[in-house]
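Comments concern the structure below.
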Amino acid sequence: MKITGTLVNNTDEDKSYLQIEYNLYDADGAQIGTALANINNLKAGGTWKFEAASMEKPEDVANWERVDVSGF
């Protein structure tokens with residue numbers, strides 16, 4: 001299972017590392033996993049087209065929500 005999207009570094013600082021994380025839920029609303037993506041060296045103002053990957057089967061995932069974007 002993959003969640004795709006675009007993240008923009010809208011700061012004036014280069015980022016050495018960024019990570020985006022999603023919680024994945026089944027049809028009953030129970031969390032069944034997470035999807036993660038990370039990147040190194042995103043420039044200030046840079047754009048990252050990410051794919052947050054998970055080991056869950058797409059048919060098992062009914063919903064997801066972004067939990068965190070972190071980095072330094």
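For the structure tokens, the naming scheme is as follows: chains receive sequential letters (A, B, ...) according to their order of presentation, residues are indexed from 1 within each chain, and ligands are indexed from 1 in presentation order.
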
Q) Running DSSP on the backbone, which parts of chain A land in strand (DSSP E), as JSON, numbers by chain? A) {"A": [2, 3, 4, 5, 6, 7, 8, 15, 16, 17, 18, 19, 20, 21, 22, 23, 24, 25, 31, 32, 33, 34, 35, 36, 37, 38, 39, 40, 41, 42, 47, 48, 49, 50, 51, 52, 53, 63, 64, 65, 66, 67, 68, 69, 70, 71]}

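If you count only C-alpha atoms and ignore residues fewer than 5 places along the chain from A:Glu56, what sits within 8 Å of it is Met1, Ile32, Gly33 and Val61 of chain A.
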
With all heavy atoms retained, export the selected residues as a tab-separated table (two decimals), in the first residue's frame.
chain	number	residue	atom	x	y	z
A	1	MET	N	0.85	-1.17	0.00
A	1	MET	CA	0.00	0.00	0.00
A	1	MET	C	0.89	1.22	0.00
A	1	MET	O	1.90	1.26	0.71
A	1	MET	CB	-0.90	-0.09	1.23
A	1	MET	CG	-1.23	1.19	1.91
A	1	MET	SD	-2.97	1.54	1.79
A	1	MET	CE	-2.95	3.28	1.76
A	32	ILE	N	-4.36	-0.51	11.87
A	32	ILE	CA	-3.76	-1.78	11.42
A	32	ILE	C	-2.33	-1.61	10.95
A	32	ILE	O	-1.67	-2.58	10.60
A	32	ILE	CB	-4.60	-2.44	10.32
A	32	ILE	CG1	-4.77	-1.50	9.12
A	32	ILE	CG2	-5.94	-2.89	10.88
A	32	ILE	CD1	-5.41	-2.16	7.91
A	33	GLY	N	-1.83	-0.38	10.93
A	33	GLY	CA	-0.45	-0.18	10.50
A	33	GLY	C	-0.11	1.28	10.32
A	33	GLY	O	-0.91	2.17	10.66
A	61	VAL	N	-7.17	-1.55	3.95
A	61	VAL	CA	-7.13	-0.17	4.47
A	61	VAL	C	-8.36	0.59	4.01
A	61	VAL	O	-8.56	0.79	2.81
A	61	VAL	CB	-5.84	0.55	4.01
A	61	VAL	CG1	-5.82	1.98	4.54
A	61	VAL	CG2	-4.60	-0.21	4.47

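Of the listed residues A:Thr47, A:Asn63, A:Ser54, A:Ser70, the one whose atoms come nearest to A:Tyr25 is A:Asn63, with distances taken using only C-alpha atoms.
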
(Q) Just checking: using only C-alpha atoms, which residue out of A:Asn9, A:Thr4, A:Asn40, A:Thr34 ends up closest to A:Tyr22? (A)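 Smallest separation from A:Tyr22 among the options: A:Thr34.
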
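Of the listed residues A:Asn10, A:Asn41, A:Gln31, A:Asn23, the one whose atoms come nearest to A:Arg66 is A:Asn23, with distances taken using only C-alpha atoms.
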
Q | Shortest interatomic distance to A:Lys2 - which of A:Asp60, A:Val67, A:Trp48, A:Leu36, counting only C-alpha atoms | A |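 Looking at the shortest contact to A:Lys2, the residue is A:Leu36.
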
Q: Compare A:Ala53, A:Ala44, A:Ala30, A:Val69 by their minimum atom-to-atom distance to A:Leu18, counting only C-alpha atoms, and give me the closest one.
A: A:Val69

Q | Two-atom distance - atom CA of A:Trp64, atom CA of A:Leu24 (Å) | A |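 Pair atom CA of A:Trp64 / atom CA of A:Leu24 returns 4.5 Å.
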
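Checking A:Ala37, A:Leu42, A:Ile3, A:Ala62 one by one against A:Tyr17, counting only C-alpha atoms, you find the shortest gap at A:Leu42.
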